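Data from work.pdb: PDB, C-alpha atoms and all ligand atoms
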ATOM      1  CA  MET A   1     115.965 115.142 114.195
ATOM      2  CA  VAL A   2     115.318 111.433 113.848
ATOM      3  CA  GLU A   3     117.808 109.077 115.457
ATOM      4  CA  SER A   4     118.036 105.309 115.356
ATOM      5  CA  ARG A   5     119.778 102.504 117.193
ATOM      6  CA  VAL A   6     119.928  98.780 116.586
ATOM      7  CA  VAL A   7     118.984  96.822 119.703
ATOM      8  CA  CYS A   8     118.605  93.170 120.657
ATOM      9  CA  THR A   9     114.977  92.028 120.947
ATOM     10  CA  LYS A  10     115.808  90.013 124.054
ATOM     11  CA  CYS A  11     118.542  91.636 126.168
ATOM     12  CA  ASN A  12     118.396  95.155 124.722
ATOM     13  CA  SER A  13     122.152  95.216 123.943
ATOM     14  CA  VAL A  14     123.152  97.579 121.148
ATOM     15  CA  ARG A  15     124.618  96.037 117.955
ATOM     16  CA  GLU A  16     128.387  96.459 117.955
ATOM     17  CA  HIS A  17     129.167  96.205 114.269
ATOM     18  CA  LEU A  18     127.112  94.532 111.550
ATOM     19  CA  GLU A  19     126.430  91.199 113.247
ATOM     20  CA  ILE A  20     122.969  89.769 112.499
ATOM     21  CA  LEU A  21     122.479  88.201 115.934
ATOM     22  CA  CYS A  22     123.245  89.672 119.343
ATOM     23  CA  ARG A  23     126.752  88.699 120.513
ATOM     24  CA  LYS A  24     125.538  88.282 124.087
ATOM     25  CA  CYS A  25     122.386  86.185 123.674
ATOM     26  CA  ARG A  26     122.177  85.201 119.955
ATOM     27  CA  SER A  27     118.777  86.917 119.482
ATOM     28  CA  PRO A  28     117.857  89.039 116.454
ATOM     29  CA  PHE A  29     117.793  92.842 116.404
ATOM     30  CA  VAL A  30     115.236  95.548 115.691
ATOM     31  CA  ILE A  31     115.814  99.194 114.877
ATOM     32  CA  GLU A  32     114.402 101.680 117.358
ATOM     33  CA  VAL A  33     113.803 105.206 116.180
ATOM     34  CA  GLY A  34     113.715 108.269 118.360
ATOM     35  CA  GLY A  35     113.267 111.975 117.780
ATOM     36  CA  SER A  36     110.299 113.603 116.089
ATOM     37  CA  TYR A  37     108.874 112.211 112.854
ATOM     38  CA  ASP A  38     110.081 114.134 109.798
ATOM     39  CA  ASP A  39     107.569 114.962 107.044
ATOM     40  CA  LYS A  40     110.175 114.043 104.456
ATOM     41  CA  ILE A  41     109.759 110.263 104.811
ATOM     42  CA  ARG A  42     113.329 109.435 103.760
ATOM     43  CA  ARG A  43     114.733 111.472 106.641
ATOM     44  CA  ASN A  44     113.189 108.990 109.087
ATOM     45  CA  PHE A  45     115.909 106.520 108.040
ATOM     46  CA  PRO A  46     118.965 108.387 109.339
ATOM     47  CA  TYR A  47     121.283 105.384 108.947
ATOM     48  CA  VAL A  48     120.824 105.430 105.160
ATOM     49  CA  SER A  49     123.121 108.028 103.624
ATOM     50  CA  LYS A  50     121.725 107.707 100.083
ATOM     51  CA  PHE A  51     118.981 105.527  98.630
ATOM     52  CA  ILE A  52     120.167 103.476  95.659
ATOM     53  CA  PHE A  53     116.660 103.455  94.208
ATOM     54  CA  GLU A  54     114.120 106.275  94.294
ATOM     55  CA  PRO A  55     110.518 105.097  93.985
ATOM     56  CA  ALA A  56     108.493 107.490  91.869
ATOM     57  CA  ARG A  57     105.454 107.609  94.145
ATOM     58  CA  TYR A  58     103.581 106.166  97.090
ATOM     59  CA  THR A  59     101.549 102.991  96.632
ATOM     60  CA  PRO A  60      97.858 103.884  96.269
ATOM     61  CA  ILE A  61      95.167 103.386  98.882
ATOM     62  CA  SER A  62      91.887 102.471  97.178
ATOM     63  CA  GLU A  63      88.373 101.886  98.379
ATOM     64  CA  LEU A  64      87.116  98.321  98.119
ATOM     65  CA  ASP A  65      83.887  98.774 100.004
ATOM     66  CA  LYS A  66      82.300 101.078 102.544
ATOM     67  CA  ASN A  67      84.744 101.269 105.462
ATOM     68  CA  LEU A  68      87.156  98.964 103.648
ATOM     69  CA  LEU A  69      90.335 100.219 102.007
ATOM     70  CA  VAL A  70      93.310  98.462 100.472
ATOM     71  CA  LYS A  71      96.921  99.572 100.223
ATOM     72  CA  GLU A  72      98.296  98.239  96.950
ATOM     73  CA  GLU A  73     101.702  97.151  98.173
ATOM     74  CA  TYR A  74     102.207  94.949  95.116
ATOM     75  CA  LEU A  75     102.811  98.049  92.997
ATOM     76  CA  HIS A  76     106.580  98.069  93.416
ATOM     77  CA  PRO A  77     109.238  97.267  90.757
ATOM     78  CA  THR A  78     109.298  93.510  91.511
ATOM     79  CA  LEU A  79     105.552  93.461  92.229
ATOM     80  CA  SER A  80     105.823  92.920  95.963
ATOM     81  CA  TYR A  81     106.202  95.038  99.093
ATOM     82  CA  LYS A  82     109.597  93.432  99.750
ATOM     83  CA  ASP A  83     111.234  96.155  97.647
ATOM     84  CA  ARG A  84     110.804  98.634 100.496
ATOM     85  CA  GLY A  85     112.878  96.463 102.827
ATOM     86  CA  MET A  86     115.506  95.523 100.244
ATOM     87  CA  ASN A  87     115.925  99.159  99.192
ATOM     88  CA  VAL A  88     116.675 100.190 102.779
ATOM     89  CA  LEU A  89     118.983  97.193 103.390
ATOM     90  CA  PHE A  90     121.018  97.551 100.186
ATOM     91  CA  SER A  91     121.165 101.359 100.453
ATOM     92  CA  PHE A  92     122.436 101.076 104.024
ATOM     93  CA  LEU A  93     125.114  98.496 103.128
ATOM     94  CA  LYS A  94     126.191 100.406 100.033
ATOM     95  CA  GLY A  95     126.432 103.632 102.063
ATOM     96  CA  LYS A  96     128.594 101.868 104.645
ATOM     97  CA  GLU A  97     130.749 100.537 101.786
ATOM     98  CA  VAL A  98     130.140  97.013 103.045
ATOM     99  CA  ILE A  99     129.085  95.809  99.625
ATOM    100  CA  SER A 100     131.168  96.562  96.571
ATOM    101  CA  ASN A 101     131.474  95.085  93.086
ATOM    102  CA  ASP A 102     133.797  92.250  94.058
ATOM    103  CA  ILE A 103     131.529  90.838  96.760
ATOM    104  CA  ARG A 104     129.072  87.979  96.301
ATOM    105  CA  VAL A 105     125.893  87.837  98.350
ATOM    106  CA  SER A 106     123.436  85.078  99.212
ATOM    107  CA  GLU A 107     119.847  84.936 100.404
ATOM    108  CA  ASP A 108     117.210  82.264 101.021
ATOM    109  CA  SER A 109     113.659  82.890  99.941
ATOM    110  CA  SER A 110     110.359  81.354  98.970
ATOM    111  CA  GLY A 111     110.275  83.716  96.009
ATOM    112  CA  ASN A 112     109.227  87.331  96.529
ATOM    113  CA  ALA A 113     112.157  88.299  98.728
ATOM    114  CA  GLY A 114     114.436  86.482  96.293
ATOM    115  CA  ALA A 115     113.159  88.492  93.326
ATOM    116  CA  SER A 116     113.569  91.742  95.208
ATOM    117  CA  PHE A 117     117.022  90.696  96.431
ATOM    118  CA  ALA A 118     118.032  89.886  92.838
ATOM    119  CA  PHE A 119     116.703  93.255  91.597
ATOM    120  CA  PHE A 120     118.583  95.275  94.216
ATOM    121  CA  SER A 121     121.794  93.218  93.829
ATOM    122  CA  ASN A 122     121.629  94.092  90.155
ATOM    123  CA  ILE A 123     121.170  97.806  90.918
ATOM    124  CA  ALA A 124     124.047  97.680  93.421
ATOM    125  CA  GLY A 125     126.191  95.957  90.762
ATOM    126  CA  ILE A 126     126.969  92.813  92.767
ATOM    127  CA  LYS A 127     126.688  89.099  92.010
ATOM    128  CA  SER A 128     123.985  87.275  93.923
ATOM    129  CA  THR A 129     122.744  83.746  94.551
ATOM    130  CA  VAL A 130     119.288  82.912  95.842
ATOM    131  CA  TYR A 131     118.809  79.595  97.643
ATOM    132  CA  VAL A 132     115.339  78.192  97.139
ATOM    133  CA  SER A 133     113.456  75.051  98.020
ATOM    134  CA  SER A 134     113.156  72.549  95.160
ATOM    135  CA  THR A 135     109.375  72.906  95.480
ATOM    136  CA  ALA A 136     109.441  76.701  94.993
ATOM    137  CA  ASN A 137     106.908  78.430  92.732
ATOM    138  CA  ARG A 138     108.297  78.368  89.130
ATOM    139  CA  ASN A 139     106.992  81.844  88.220
ATOM    140  CA  LYS A 140     108.945  83.341  91.081
ATOM    141  CA  LEU A 141     112.118  81.485  90.087
ATOM    142  CA  GLU A 142     111.769  82.828  86.554
ATOM    143  CA  GLN A 143     111.489  86.340  87.969
ATOM    144  CA  ILE A 144     114.636  85.892  90.103
ATOM    145  CA  ARG A 145     116.526  84.678  87.021
ATOM    146  CA  LYS A 146     115.337  87.655  84.983
ATOM    147  CA  TYR A 147     117.242  90.042  87.270
ATOM    148  CA  GLY A 148     120.444  88.087  86.706
ATOM    149  CA  ALA A 149     120.774  86.196  89.991
ATOM    150  CA  ASN A 150     121.976  82.596  90.261
ATOM    151  CA  ILE A 151     119.550  80.101  91.729
ATOM    152  CA  THR A 152     120.521  77.095  93.822
ATOM    153  CA  GLU A 153     117.739  74.647  94.541
ATOM    154  CA  ILE A 154     117.896  72.719  97.810
ATOM    155  CA  ALA A 155     115.871  69.595  98.508
ATOM    156  CA  GLY A 156     114.776  69.968 102.098
ATOM    157  CA  ASN A 157     112.766  72.148 104.434
ATOM    158  CA  ARG A 158     112.947  75.906 104.999
ATOM    159  CA  LYS A 159     115.739  75.521 107.552
ATOM    160  CA  ASP A 160     117.874  73.408 105.172
ATOM    161  CA  VAL A 161     117.567  76.132 102.521
ATOM    162  CA  GLU A 162     118.551  78.787 105.060
ATOM    163  CA  ASN A 163     121.576  76.791 106.232
ATOM    164  CA  ALA A 164     122.752  76.334 102.647
ATOM    165  CA  ALA A 165     122.606  80.119 102.086
ATOM    166  CA  ILE A 166     124.366  80.863 105.389
ATOM    167  CA  ASN A 167     127.146  78.356 104.647
ATOM    168  CA  SER A 168     127.587  79.412 101.008
ATOM    169  CA  GLY A 169     130.837  81.272 101.649
ATOM    170  CA  MET A 170     129.188  84.458 100.350
ATOM    171  CA  MET A 171     127.991  87.380 102.449
ATOM    172  CA  TYR A 172     124.629  86.258 103.818
ATOM    173  CA  LEU A 173     121.896  88.877 103.475
ATOM    174  CA  GLY A 174     119.013  86.779 104.853
ATOM    175  CA  HIS A 175     116.101  89.193 104.946
ATOM    176  CA  GLN A 176     114.664  87.688 108.085
ATOM    177  CA  TYR A 177     117.807  88.518 110.060
ATOM    178  CA  TRP A 178     118.885  91.967 108.882
ATOM    179  CA  PRO A 179     116.918  94.524 110.937
ATOM    180  CA  GLU A 180     117.291  97.116 108.159
ATOM    181  CA  PHE A 181     115.023  94.968 105.987
ATOM    182  CA  SER A 182     112.017  94.924 108.318
ATOM    183  CA  ASP A 183     112.696  98.552 109.225
ATOM    184  CA  GLY A 184     112.075  99.424 105.570
ATOM    185  CA  PHE A 185     108.358  98.784 106.113
ATOM    186  CA  ARG A 186     108.026 101.673 108.561
ATOM    187  CA  SER A 187     107.390 103.834 105.516
ATOM    188  CA  ILE A 188     104.085 101.995 104.926
ATOM    189  CA  SER A 189     102.742 103.403 108.212
ATOM    190  CA  TYR A 190     104.032 106.879 107.385
ATOM    191  CA  GLU A 191     102.305 106.770 104.009
ATOM    192  CA  ILE A 192      99.036 105.530 105.526
ATOM    193  CA  ASN A 193      99.116 108.456 107.941
ATOM    194  CA  GLU A 194      99.787 110.932 105.126
ATOM    195  CA  GLN A 195      97.336 109.487 102.628
ATOM    196  CA  MET A 196      94.339 109.095 104.927
ATOM    197  CA  GLU A 197      92.408 111.816 106.665
ATOM    198  CA  ARG A 198      91.957 109.509 109.623
ATOM    199  CA  ILE A 199      94.057 106.377 110.112
ATOM    200  CA  PRO A 200      92.117 103.071 110.035
ATOM    201  CA  ASP A 201      90.846 101.294 113.144
ATOM    202  CA  SER A 202      92.286  97.968 112.015
ATOM    203  CA  ILE A 203      94.978  96.866 109.571
ATOM    204  CA  TYR A 204      95.065  93.306 108.170
ATOM    205  CA  ILE A 205      98.594  92.099 107.479
ATOM    206  CA  PRO A 206      99.543  88.800 105.771
ATOM    207  CA  PHE A 207     101.958  87.156 108.195
ATOM    208  CA  SER A 208     104.895  84.837 107.556
ATOM    209  CA  THR A 209     108.160  85.680 109.335
ATOM    210  CA  GLY A 210     106.763  88.912 110.787
ATOM    211  CA  THR A 211     109.131  91.380 109.123
ATOM    212  CA  LEU A 212     106.266  93.336 107.521
ATOM    213  CA  PHE A 213     104.322  93.313 110.786
ATOM    214  CA  THR A 214     107.364  94.535 112.744
ATOM    215  CA  GLY A 215     108.020  97.423 110.354
ATOM    216  CA  ILE A 216     104.403  98.589 110.323
ATOM    217  CA  TYR A 217     104.252  98.453 114.128
ATOM    218  CA  MET A 218     107.518 100.394 114.482
ATOM    219  CA  GLY A 219     106.253 103.062 112.074
ATOM    220  CA  PHE A 220     103.052 103.649 114.024
ATOM    221  CA  ARG A 221     104.978 103.574 117.290
ATOM    222  CA  HIS A 222     107.184 106.373 115.968
ATOM    223  CA  LEU A 223     104.154 108.394 114.822
ATOM    224  CA  LEU A 224     102.531 107.935 118.237
ATOM    225  CA  ALA A 225     105.676 109.002 120.114
ATOM    226  CA  SER A 226     105.888 112.049 117.818
ATOM    227  CA  GLY A 227     102.294 113.055 118.636
ATOM    228  CA  ARG A 228     101.156 112.528 115.026
ATOM    229  CA  ILE A 229      98.497 109.919 115.862
ATOM    230  CA  GLU A 230      96.429 109.257 118.961
ATOM    231  CA  LYS A 231      96.718 105.505 118.988
ATOM    232  CA  ILE A 232      98.201 102.601 117.093
ATOM    233  CA  PRO A 233      95.586 100.887 114.890
ATOM    234  CA  LYS A 234      94.699  97.298 115.738
ATOM    235  CA  LEU A 235      97.272  95.208 113.848
ATOM    236  CA  ILE A 236      95.814  91.888 112.736
ATOM    237  CA  ALA A 237      98.257  89.190 111.632
ATOM    238  CA  VAL A 238      96.498  86.876 109.170
ATOM    239  CA  LEU A 239      97.938  83.403 108.539
ATOM    240  CA  PRO A 240      96.845  80.297 106.632
ATOM    241  CA  GLU A 241      95.578  77.644 109.025
ATOM    242  CA  ARG A 242      98.104  75.271 107.453
ATOM    243  CA  ALA A 243     101.041  77.619 107.973
ATOM    244  CA  ALA A 244     100.330  79.404 111.232
ATOM    245  CA  GLY A 245     103.641  79.374 113.130
ATOM    246  CA  MET A 246     103.118  82.671 114.967
ATOM    247  CA  HIS A 247      99.532  81.825 115.867
ATOM    248  CA  ASN A 248     100.566  78.438 117.301
ATOM    249  CA  PHE A 249     103.484  80.021 119.159
ATOM    250  CA  ILE A 250     101.172  82.467 120.947
ATOM    251  CA  LEU A 251      98.774  79.672 121.869
ATOM    252  CA  GLY A 252     101.639  77.455 123.021
ATOM    253  CA  LYS A 253     100.631  74.820 120.454
ATOM    254  CA  GLU A 254     102.936  72.503 118.556
ATOM    255  CA  ASN A 255     103.750  73.866 115.091
ATOM    256  CA  ARG A 256     103.774  71.563 112.071
ATOM    257  CA  PRO A 257     103.420  73.794 109.023
ATOM    258  CA  GLU A 258     102.105  72.326 105.784
ATOM    259  CA  LYS A 259     102.331  73.774 102.286
ATOM    260  CA  SER A 260      99.604  76.334 101.692
ATOM    261  CA  ILE A 261      98.342  77.760  98.419
ATOM    262  CA  ALA A 262      99.610  81.030  99.944
ATOM    263  CA  ASP A 263     103.164  79.944  99.102
ATOM    264  CA  ALA A 264     104.934  83.075 100.362
ATOM    265  CA  LEU A 265     103.781  82.356 103.903
ATOM    266  CA  THR A 266     106.091  79.709 105.331
ATOM    267  CA  GLY A 267     104.375  78.963 108.632
ATOM    268  CA  MET A 268     107.645  78.737 110.545
ATOM    269  CA  VAL A 269     107.888  80.235 114.029
ATOM    270  CA  PRO A 270     109.594  83.602 113.353
ATOM    271  CA  ILE A 271     113.048  84.349 114.756
ATOM    272  CA  ARG A 272     111.553  87.405 116.551
ATOM    273  CA  ALA A 273     108.659  85.335 117.939
ATOM    274  CA  GLU A 274     108.966  86.521 121.556
ATOM    275  CA  PHE A 275     109.135  90.172 120.527
ATOM    276  CA  LEU A 276     106.211  89.768 118.098
ATOM    277  CA  LYS A 277     104.127  87.906 120.643
ATOM    278  CA  ASN A 278     104.286  90.863 123.017
ATOM    279  CA  VAL A 279     103.388  93.330 120.241
ATOM    280  CA  ILE A 280     100.498  91.190 118.982
ATOM    281  CA  ILE A 281      99.067  90.684 122.471
ATOM    282  CA  GLU A 282      99.216  94.416 123.175
ATOM    283  CA  TYR A 283      98.139  95.861 119.820
ATOM    284  CA  GLY A 284      96.340  93.199 117.835
ATOM    285  CA  GLU A 285      95.636  89.543 117.316
ATOM    286  CA  THR A 286      96.342  86.606 115.017
ATOM    287  CA  LEU A 287      93.680  85.224 112.727
ATOM    288  CA  THR A 288      93.848  82.024 110.662
ATOM    289  CA  VAL A 289      92.083  81.288 107.376
ATOM    290  CA  THR A 290      91.439  78.067 105.470
ATOM    291  CA  GLU A 291      92.648  77.270 101.948
ATOM    292  CA  GLU A 292      89.065  77.601 100.651
ATOM    293  CA  GLU A 293      88.705  81.026 102.256
ATOM    294  CA  ILE A 294      91.979  82.165 100.661
ATOM    295  CA  ILE A 295      90.953  80.926  97.209
ATOM    296  CA  SER A 296      87.569  82.598  97.385
ATOM    297  CA  ALA A 297      89.029  85.873  98.743
ATOM    298  CA  ARG A 298      91.525  86.019  95.878
ATOM    299  CA  LYS A 299      88.808  85.397  93.305
ATOM    300  CA  GLU A 300      86.659  88.134  94.781
ATOM    301  CA  LEU A 301      89.541  90.621  94.804
ATOM    302  CA  LEU A 302      90.303  89.781  91.175
ATOM    303  CA  GLY A 303      86.702  90.579  90.260
ATOM    304  CA  LYS A 304      87.006  93.945  91.979
ATOM    305  CA  GLY A 305      90.102  94.861  89.984
ATOM    306  CA  PHE A 306      92.812  93.853  92.425
ATOM    307  CA  ASP A 307      94.957  91.100  90.928
ATOM    308  CA  VAL A 308      96.901  89.725  93.897
ATOM    309  CA  GLU A 309      98.569  86.445  94.769
ATOM    310  CA  TYR A 310      97.031  84.012  97.250
ATOM    311  CA  SER A 311      99.509  85.080  99.924
ATOM    312  CA  SER A 312      98.089  88.622  99.667
ATOM    313  CA  ALA A 313      94.477  87.553  99.614
ATOM    314  CA  VAL A 314      94.790  86.130 103.135
ATOM    315  CA  SER A 315      94.325  89.678 104.457
ATOM    316  CA  TYR A 316      90.918  89.920 102.759
ATOM    317  CA  ALA A 317      90.007  86.391 103.883
ATOM    318  CA  GLY A 318      90.803  87.461 107.453
ATOM    319  CA  TYR A 319      88.731  90.633 107.108
ATOM    320  CA  LYS A 320      85.765  88.627 105.895
ATOM    321  CA  LYS A 321      85.856  86.579 109.078
ATOM    322  CA  ILE A 322      86.046  89.418 111.586
ATOM    323  CA  HIS A 323      85.861  93.175 111.128
ATOM    324  CA  GLU A 324      84.784  96.284 112.918
ATOM    325  CA  GLY A 325      85.075  99.993 112.102
ATOM    326  CA  ARG A 326      87.221 101.331 109.296
ATOM    327  CA  CYS A 327      89.605  98.682 107.994
ATOM    328  CA  LEU A 328      92.636  98.609 105.718
ATOM    329  CA  LEU A 329      94.096  95.545 103.998
ATOM    330  CA  ILE A 330      97.737  95.301 103.028
ATOM    331  CA  LEU A 331      97.902  93.655  99.580
ATOM    332  CA  THR A 332     101.452  92.361  99.383
ATOM    333  CA  GLY A 333     102.159  90.597  96.073
ATOM    334  CA  HIS A 334     100.791  90.688  92.497
ATOM    335  CA  GLY A 335      98.660  87.850  91.108
ATOM    336  CA  ILE A 336     101.015  87.215  88.215
ATOM    337  CA  LYS A 337     103.351  85.554  90.725
ATOM    338  CA  ASN A 338     101.050  82.535  91.112
ATOM    339  CA  THR A 339     101.105  79.672  88.651
ATOM    340  CA  ALA A 340      97.412  78.859  89.040
TER     341      ALA A 340
HETATM  342 ZN    ZN B 401     120.846  90.047 123.257
END

Represent the structure from my file as structure tokens, please.
Ligand SMILES: [Zn+2]
Amino acid sequence: MVESRVVCTKCNSVREHLEILCRKCRSPFVIEVGGSYDDKIRRNFPYVSKFIFEPARYTPISELDKNLLVKEEYLHPTLSYKDRGMNVLFSFLKGKEVISNDIRVSEDSSGNAGASFAFFSNIAGIKSTVYVSSTANRNKLEQIRKYGANITEIAGNRKDVENAAINSGMMYLGHQYWPEFSDGFRSISYEINEQMERIPDSIYIPFSTGTLFTGIYMGFRHLLASGRIEKIPKLIAVLPERAAGMHNFILGKENRPEKSIADALTGMVPIRAEFLKNVIIEYGETLTVTEEEIISARKELLGKGFDVEYSSAVSYAGYKKIHEGRCLLILTGHGIKNTA
């Protein structure tokens, strides 16, 4: 039977209630799973009593080239992988009866998480407000509105937007903080293991705040501990040169993120930076790509039948720089989300 516990990434303390930062050291949590992997994927999330949304199928893995595969993670209801994390987070909170119809929830997002948050708030039957930067991508704002969420635009940087959402007086469901959100991406690793005869040597993951990276790592770690795989694939975090917070953190360099065409990738140093640094050093590496490389990678993918946003195409841009063996790209968001 699969078991889980929520632990602090720094001092290893167990979460007491539903706090989003450790009460002892103010660090964020991750969810650790133990017990043997269950072939029924949903049973590997024992803290979710009932999923509020049942996806019809797995996202496909398609061949792009010899020894190059892509997992089409943009084929979710809101056209981004974020739905996996939001489904787990909202299902968990609904099961715990933490969220009910009279509660209002807030979130801060550059777009994709906001759309997914709005979609799942709507399914859960609760009123939601998404705090966005005044420079946010208009297509993504339109999508958030479509699901019935309120939008509050904040003039300021990423941190100002986050503070506005935290201090909104509503229940703050910031996706970066809630460990259930990043834990939702464990299922990507389980699917890869089920769908492929042999798991890839390397996986290219677009990297922003590291929630996707954390979930994929935790999934493979669980499969390894359960004897289902022999080793964890090399996990390559790909970032725009202009927005490379994690990369700079590992190198001990000053971080001054600029706006990239890959607008979903913020370039901030993630709140789980120390934890992620250790994982990346042990199991992978960071790789940065230029704006030109991102633009050309997206165009090439489009020509091959994969319509993804710039923030997704960074994984292909990274692959084109360095690759070895059998590789898999995670394609995270649909191309319709970009305005150009
Ligand atoms: Zn702690």

Surrounding residues of region 231-237 of chain A excluding itself and chain neighbours under 6 positions, 7 Å, only C-alpha atoms, as a list of chain:residue names: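 What passes the distance filter is A:Pro200, A:Asp201, A:Ser202, A:Ile203, A:Tyr204, A:Ile205, A:Pro206, A:Phe207, A:Phe220, A:Arg221, A:Leu224, A:Tyr283, A:Gly284, A:Glu285, A:Thr286, A:Leu287.
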
How close does chain A get to ligand ZN 401 (chain B)? List, as JSON lines, each residue of chain A within 7 Å, its nearest atom pair and the distance in Å to one decimal, counting all atoms listed in the file.
{"residue": "A:Cys8", "atom": "CA", "partner": "B:ZN401", "partner_atom": "ZN", "distance": 4.6}
{"residue": "A:Thr9", "atom": "CA", "partner": "B:ZN401", "partner_atom": "ZN", "distance": 6.6}
{"residue": "A:Lys10", "atom": "CA", "partner": "B:ZN401", "partner_atom": "ZN", "distance": 5.1}
{"residue": "A:Cys11", "atom": "CA", "partner": "B:ZN401", "partner_atom": "ZN", "distance": 4.0}
{"residue": "A:Asn12", "atom": "CA", "partner": "B:ZN401", "partner_atom": "ZN", "distance": 5.9}
{"residue": "A:Ser13", "atom": "CA", "partner": "B:ZN401", "partner_atom": "ZN", "distance": 5.4}
{"residue": "A:Cys22", "atom": "CA", "partner": "B:ZN401", "partner_atom": "ZN", "distance": 4.6}
{"residue": "A:Arg23", "atom": "CA", "partner": "B:ZN401", "partner_atom": "ZN", "distance": 6.7}
{"residue": "A:Lys24", "atom": "CA", "partner": "B:ZN401", "partner_atom": "ZN", "distance": 5.1}
{"residue": "A:Cys25", "atom": "CA", "partner": "B:ZN401", "partner_atom": "ZN", "distance": 4.2}
{"residue": "A:Arg26", "atom": "CA", "partner": "B:ZN401", "partner_atom": "ZN", "distance": 6.0}
{"residue": "A:Ser27", "atom": "CA", "partner": "B:ZN401", "partner_atom": "ZN", "distance": 5.3}

Output for the residues just chosen: C-alpha atoms as an mmCIF file, in the frame of the given file:
data_model
loop_
_atom_site.group_PDB
_atom_site.id
_atom_site.type_symbol
_atom_site.label_atom_id
_atom_site.label_comp_id
_atom_site.auth_asym_id
_atom_site.auth_seq_id
_atom_site.Cartn_x
_atom_site.Cartn_y
_atom_site.Cartn_z
ATOM 1 C CA CYS A 8 118.605 93.170 120.657
ATOM 2 C CA THR A 9 114.977 92.028 120.947
ATOM 3 C CA LYS A 10 115.808 90.013 124.054
ATOM 4 C CA CYS A 11 118.542 91.636 126.168
ATOM 5 C CA ASN A 12 118.396 95.155 124.722
ATOM 6 C CA SER A 13 122.152 95.216 123.943
ATOM 7 C CA CYS A 22 123.245 89.672 119.343
ATOM 8 C CA ARG A 23 126.752 88.699 120.513
ATOM 9 C CA LYS A 24 125.538 88.282 124.087
ATOM 10 C CA CYS A 25 122.386 86.185 123.674
ATOM 11 C CA ARG A 26 122.177 85.201 119.955
ATOM 12 C CA SER A 27 118.777 86.917 119.482
#

One decimal, Å: what's the distance from CA of Ile103 (chain A) over to CA of Val88 (chain A), could you say?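 One can read the CA of Ile103 (chain A) to CA of Val88 (chain A) distance as 18.6 Å.
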
Check which residues of region 17-48 of chain A sit at most 7 Å from region 173-181 of chain A using all atoms listed in the file, and return one row each with the closest pair of atoms and their distance in Å to one decimal, ordered by chain and rising number, as a tab-separated table.
residue	atom	partner	partner_atom	distance
A:Ile20	CA	A:Tyr177	CA	5.8
A:Pro28	CA	A:Tyr177	CA	6.4
A:Phe29	CA	A:Pro179	CA	5.8
A:Val30	CA	A:Pro179	CA	5.1
A:Ile31	CA	A:Pro179	CA	6.2

Assuming the chain letters and numbering stay as they are in my file, what does the PyMOL selection byres (((chain A and resi 114-116) around 7) and not hetatm) actually select? List them as a list in words.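 For this structure, the PyMOL selection byres (((chain A and resi 114-116) around 7) and not hetatm) resolves to Thr78, Lys82, Asp83, Met86, Glu107, Asp108, Ser109, Gly111, Asn112, Ala113, Phe117, Ala118, Phe119, Phe120, Val130, Gln143 and Ile144 of chain A.
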
Produce the centre coordinates and the three edge lengths, each in Å to one decimal, of the box along x, y and z that contains all listed atoms of region 169-174 of chain A with 5 Å added on each side, as AutoDock Vina command-line options.
--center_x 124.9 --center_y 85.1 --center_z 102.6 --size_x 21.8 --size_y 17.6 --size_z 14.5

Quote the spacing between CA of Thr266 (chain A) and CA of Lys140 (chain A) in Å to one decimal place.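 So the two atoms, CA of Thr266 (chain A) and CA of Lys140 (chain A), lie 15.0 Å apart.
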
Selection result of the PyMOL selection byres (((chain A and resi 45-58) around 6) and not hetatm) on this file, as number ranges by chain: A: 42-44, 59, 91-92, 95

With a distance cut-off of 12 Å and all atoms listed in the file, select the neighbouring residues of His334 (chain A), excluding the residue or stretch itself and same-chain residues fewer than 6 positions from it, and output the selection as a list of chain:residue names.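 Once the nearby chain positions are removed, what remains is A:Glu72, A:Glu73, A:Tyr74, A:Leu75, A:His76, A:Pro77, A:Thr78, A:Leu79, A:Ser80, A:Tyr81, A:Lys82, A:Asn112, A:Asn139, A:Lys140, A:Ala264, A:Arg298, A:Leu301, A:Leu302, A:Gly305, A:Phe306, A:Asp307, A:Val308, A:Glu309, A:Tyr310, A:Ser311, A:Ser312, A:Ala313.
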
For a cut-off of 7 Å around (84.9, 101.1, 109.3), file coordinates, pick out all residues using all atoms listed in the file and list them as a list in words. Asn67, Leu68, Glu324, Gly325, Arg326 and Cys327 of chain A

Report, in Å to a single decimal, how far apart CA of Tyr319 (chain A) and CA of Ile271 (chain A) are.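 Separation between CA of Ile271 (chain A) and CA of Tyr319 (chain A): 26.3 Å.
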
So that I can check the surroundings of Phe185 (chain A), please list as a list in words every protein, DNA and RNA residue that reaches within 7 Å of it, counting all atoms listed in the file and ignoring chain neighbours fewer than 5 positions away.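 Near neighbours after the sequence-gap exclusion: Arg84, Gly85, Leu212, Gly215 and Ile216 of chain A.
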
Same residues, C-alpha atoms, output as a compact mmCIF listing (two decimals), in the coordinates of the input:
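The new file result.txt reads:
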# COMPACT_ATOMS: atom_id res chain seq x y z
CA ARG A 84 110.80 98.63 100.50
CA GLY A 85 112.88 96.46 102.83
CA LEU A 212 106.27 93.34 107.52
CA GLY A 215 108.02 97.42 110.35
CA ILE A 216 104.40 98.59 110.32

Would you kindly identify which residues have an atom no farther than 12 Å from (108.4, 116.2, 111.3), using only C-alpha atoms and the file's own coordinates, and write them out as a list in words?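 Looking at atoms near the point gives Met1, Val2, Gly34, Gly35, Ser36, Tyr37, Asp38, Asp39, Lys40, Ile41, Arg42, Arg43, Asn44, Tyr190, Glu194, His222, Leu223, Ala225, Ser226, Gly227 and Arg228 of chain A.
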
Explicit residue set for the PyMOL selection byres (((chain A and resi 172) around 9) and not hetatm), as a VMD selection string: chain A and resid 104 to 108 165 to 171 173 to 174
